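A quick write-up on the structure given underneath.
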Amino acid sequence: AADIKVIDRCNLTILSEPGHEDLAEFLAAEQVAVSASLPCYSRDNVDIQRGDGVFERSIAGLRKLNALGYGQPGSNLELNLVYNPQGPSLPPPQQALENDYKAHLKEDFGIVFNHLHTITNQPIARFGSTLVSRGQFEGYMQLLRDNFSADNLAGVMCRGTVSVDWRGYLYDCDFNQMLDLPMPVLASDRPHLRELLEQPLNQHPIATRDHCFACTAGQGSSCGGTLN
Ligand code: SF4
């Protein structure tokens with residue numbers, strides 16, 4: 001399994017939670033790539049969206065990762081940040097935003113990272129509920145459908161990545177994991193990681209629903225950011 005890349009979708013504040021102080025060291029020792037959400041490089045915007053003190057703890061988490069080699073030039077410890085739009089819109093161009101993040105985080109906090117990934121919000125879970133409560137759900141779905149691009153189909157992450165929950169159960173992506181939509185494969189209602197070793201996944205079906213339009217809209221969206 002040495003050629004399998006493992007990515008941890010990391011909440012930066014967990015790195016300073018009591019009982020999890022050694023998590024960053026563990027991830028570094030296991031050569032796990034870290035992908036962490038940071039909705040803005042400004043304290044005020046992050047704290048308004050995520051709660052008081054979240055920005056400070058996120059910066060502390062990033063400093064800890066940098067000190068272990070994450071995101072540093074020449075290091076093989078990958079550190080990527082994730083940006084989602086806050087409202088019912090498609091993300092802005094990824095490269096320009098990455099340049100802004102890199103400049104601000106380096107200048108203000110001495111923090112470095114590899115790439116910023118802009119990800120289109122999925123109309124599910126908390127974001128989906130917010131859209132429904134504001135009467136914006138249908139409009140957002142229409143925006144996603146109107147911006148469908150077939151060029152993105154070859155790159156959607158479910159074609160080359162599996163998502164594994166903490167119990168070892170398998171999903172086509174972390175969005176399907178949030179929806180508790182298991183990978184439709186392995187002749188099992190609940191395919192598990194242990195079954196994967198005996199079963200190649202080539203050509204297996206993928207559980208798609210309307211939320212998949214978020215991956216195919218505009219410049220495309222995946223755990224690696226835009227697709228084109
Ligand atoms: S949301 Fe749909 S298209 Fe996107 S990665 Fe998951 S299964 Fe694939």
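Naming works like this for the structure tokens: A, B, ... for the chains as they're shown, residue 1 at the start of each chain, ligands 1 onward in shown order.
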
Check every protein, DNA and RNA residue against ligand 1, keep those with an atom at most 10 Å away (counting only C-alpha atoms and all ligand atoms), and present them as a count of residues only. 41

Name all residues at most 10 Å from region 27-37 of chain A (count only C-alpha atoms; drop same-chain ones fewer than 4 positions away) and give them as a ChimeraX atom specification. /A:5-13,22-23,58,61-62,65,68-71,76-84,115-118,223-224

So which residues touch region 131-144 of chain A within 7 Å, counting only C-alpha atoms, skipping near sequence neighbours fewer than 2 positions away, as a list of chain:residue names? A:Pro88, A:Phe127, A:Gly128, A:Ser129, A:Asp146, A:Asn147, A:Phe148, A:Phe213, A:Ala214, A:Ala217

Keeping only N, CA, C and O atoms, write those residues as a compact mmCIF listing (two decimals), in the first residue's frame.
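This is the output file result.txt:
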```txt
# COMPACT_ATOMS: atom_id res chain seq x y z
N PRO A 88 -24.44 31.56 -1.80
CA PRO A 88 -24.82 30.69 -2.93
C PRO A 88 -24.21 31.15 -4.25
O PRO A 88 -24.90 31.60 -5.16
N PHE A 127 -24.90 23.72 4.89
CA PHE A 127 -25.06 24.71 3.82
C PHE A 127 -26.40 24.50 3.11
O PHE A 127 -27.11 25.47 2.81
N GLY A 128 -26.75 23.24 2.85
CA GLY A 128 -28.03 22.93 2.21
C GLY A 128 -29.21 23.41 3.06
O GLY A 128 -30.16 24.00 2.54
N SER A 129 -29.13 23.18 4.37
CA SER A 129 -30.23 23.61 5.27
C SER A 129 -30.35 25.13 5.27
O SER A 129 -31.47 25.67 5.28
N ASP A 146 -26.90 25.28 -14.51
CA ASP A 146 -26.63 26.19 -15.64
C ASP A 146 -25.14 26.24 -15.96
O ASP A 146 -24.76 26.55 -17.09
N ASN A 147 -24.30 25.97 -14.97
CA ASN A 147 -22.85 26.04 -15.19
C ASN A 147 -22.22 24.66 -15.37
O ASN A 147 -20.99 24.51 -15.26
N PHE A 148 -23.05 23.65 -15.63
CA PHE A 148 -22.52 22.30 -15.85
C PHE A 148 -21.52 22.32 -17.01
O PHE A 148 -21.76 22.90 -18.06
N PHE A 213 -23.84 18.01 -9.08
CA PHE A 213 -23.71 19.18 -9.95
C PHE A 213 -22.73 20.21 -9.38
O PHE A 213 -22.19 21.04 -10.11
N ALA A 214 -22.49 20.16 -8.06
CA ALA A 214 -21.51 21.09 -7.48
C ALA A 214 -20.09 20.76 -7.96
O ALA A 214 -19.24 21.64 -8.05
N ALA A 217 -19.79 22.01 -11.91
CA ALA A 217 -20.12 23.39 -12.32
C ALA A 217 -18.86 24.22 -12.55
O ALA A 217 -17.86 24.07 -11.84
```

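Nearest residue to Pro191 (chain A) among A:Met178, A:Asp165, A:Asp47, A:Asp3 is A:Asp165, counting only C-alpha atoms.
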
I want to know what sits within 8 Å of Phe55 (chain A), based on only C-alpha atoms, with residues of the same chain fewer than 3 positions away left out; could you give that as a PyMOL selection string? chain A and resi 42-43+46-47+52+58-59

For all heavy atoms, I'd like the residues from the last selection saved as a PDB file, in the first residue's frame.
```pdb
ATOM      1  N   SER A  42      -8.161  36.663   7.117  1.00  0.00           N
ATOM      2  CA  SER A  42      -8.351  37.738   8.099  1.00  0.00           C
ATOM      3  C   SER A  42      -9.080  37.214   9.339  1.00  0.00           C
ATOM      4  O   SER A  42     -10.039  36.436   9.239  1.00  0.00           O
ATOM      5  CB  SER A  42      -9.131  38.897   7.462  1.00  0.00           C
ATOM      6  OG  SER A  42     -10.406  39.003   8.006  1.00  0.00           O
ATOM      7  N   ARG A  43      -8.594  37.636  10.499  1.00  0.00           N
ATOM      8  CA  ARG A  43      -9.138  37.181  11.783  1.00  0.00           C
ATOM      9  C   ARG A  43     -10.640  37.461  11.875  1.00  0.00           C
ATOM     10  O   ARG A  43     -11.425  36.579  12.235  1.00  0.00           O
ATOM     11  CB  ARG A  43      -8.398  37.882  12.931  1.00  0.00           C
ATOM     12  CG  ARG A  43      -8.956  37.570  14.302  1.00  0.00           C
ATOM     13  CD  ARG A  43      -8.201  38.297  15.385  1.00  0.00           C
ATOM     14  NE  ARG A  43      -6.933  37.657  15.695  1.00  0.00           N
ATOM     15  CZ  ARG A  43      -5.734  38.079  15.318  1.00  0.00           C
ATOM     16  NH1 ARG A  43      -5.619  39.168  14.588  1.00  0.00           N
ATOM     17  NH2 ARG A  43      -4.637  37.432  15.637  1.00  0.00           N
ATOM     18  N   VAL A  46     -12.934  35.142   9.730  1.00  0.00           N
ATOM     19  CA  VAL A  46     -12.976  33.749  10.192  1.00  0.00           C
ATOM     20  C   VAL A  46     -13.773  33.648  11.487  1.00  0.00           C
ATOM     21  O   VAL A  46     -14.623  32.762  11.645  1.00  0.00           O
ATOM     22  CB  VAL A  46     -11.548  33.184  10.392  1.00  0.00           C
ATOM     23  CG1 VAL A  46     -11.605  31.804  11.033  1.00  0.00           C
ATOM     24  CG2 VAL A  46     -10.824  33.113   9.054  1.00  0.00           C
ATOM     25  N   ASP A  47     -13.522  34.571  12.418  1.00  0.00           N
ATOM     26  CA  ASP A  47     -14.216  34.480  13.703  1.00  0.00           C
ATOM     27  C   ASP A  47     -15.715  34.739  13.568  1.00  0.00           C
ATOM     28  O   ASP A  47     -16.524  34.135  14.280  1.00  0.00           O
ATOM     29  CB  ASP A  47     -13.585  35.439  14.718  1.00  0.00           C
ATOM     30  CG  ASP A  47     -12.262  34.893  15.250  1.00  0.00           C
ATOM     31  OD1 ASP A  47     -11.927  33.739  14.909  1.00  0.00           O
ATOM     32  OD2 ASP A  47     -11.571  35.601  16.000  1.00  0.00           O
ATOM     33  N   ASP A  52     -15.662  32.913  17.851  1.00  0.00           N
ATOM     34  CA  ASP A  52     -14.549  33.637  18.473  1.00  0.00           C
ATOM     35  C   ASP A  52     -13.378  32.704  18.757  1.00  0.00           C
ATOM     36  O   ASP A  52     -13.559  31.615  19.303  1.00  0.00           O
ATOM     37  CB  ASP A  52     -15.012  34.273  19.792  1.00  0.00           C
ATOM     38  CG  ASP A  52     -15.806  35.544  19.538  1.00  0.00           C
ATOM     39  OD1 ASP A  52     -15.790  36.011  18.379  1.00  0.00           O
ATOM     40  OD2 ASP A  52     -16.450  36.029  20.483  1.00  0.00           O
ATOM     41  N   SER A  58      -6.559  28.343  14.585  1.00  0.00           N
ATOM     42  CA  SER A  58      -6.201  27.841  13.254  1.00  0.00           C
ATOM     43  C   SER A  58      -4.778  28.239  12.905  1.00  0.00           C
ATOM     44  O   SER A  58      -4.000  27.437  12.363  1.00  0.00           O
ATOM     45  CB  SER A  58      -7.168  28.385  12.196  1.00  0.00           C
ATOM     46  OG  SER A  58      -8.487  27.979  12.463  1.00  0.00           O
ATOM     47  N   ILE A  59      -4.419  29.488  13.232  1.00  0.00           N
ATOM     48  CA  ILE A  59      -3.050  29.947  12.962  1.00  0.00           C
ATOM     49  C   ILE A  59      -2.058  29.132  13.808  1.00  0.00           C
ATOM     50  O   ILE A  59      -0.995  28.720  13.316  1.00  0.00           O
ATOM     51  CB  ILE A  59      -2.923  31.461  13.282  1.00  0.00           C
ATOM     52  CG1 ILE A  59      -3.754  32.276  12.278  1.00  0.00           C
ATOM     53  CG2 ILE A  59      -1.464  31.912  13.268  1.00  0.00           C
ATOM     54  CD1 ILE A  59      -3.329  32.157  10.833  1.00  0.00           C
TER      55      ILE A  59
END
```

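Restricting the calculation to only C-alpha atoms, the smallest distance between Gln49 (chain A) and any of A:Gln86, A:Gln94, A:Asn66, A:Ser75 is found for A:Gln86.
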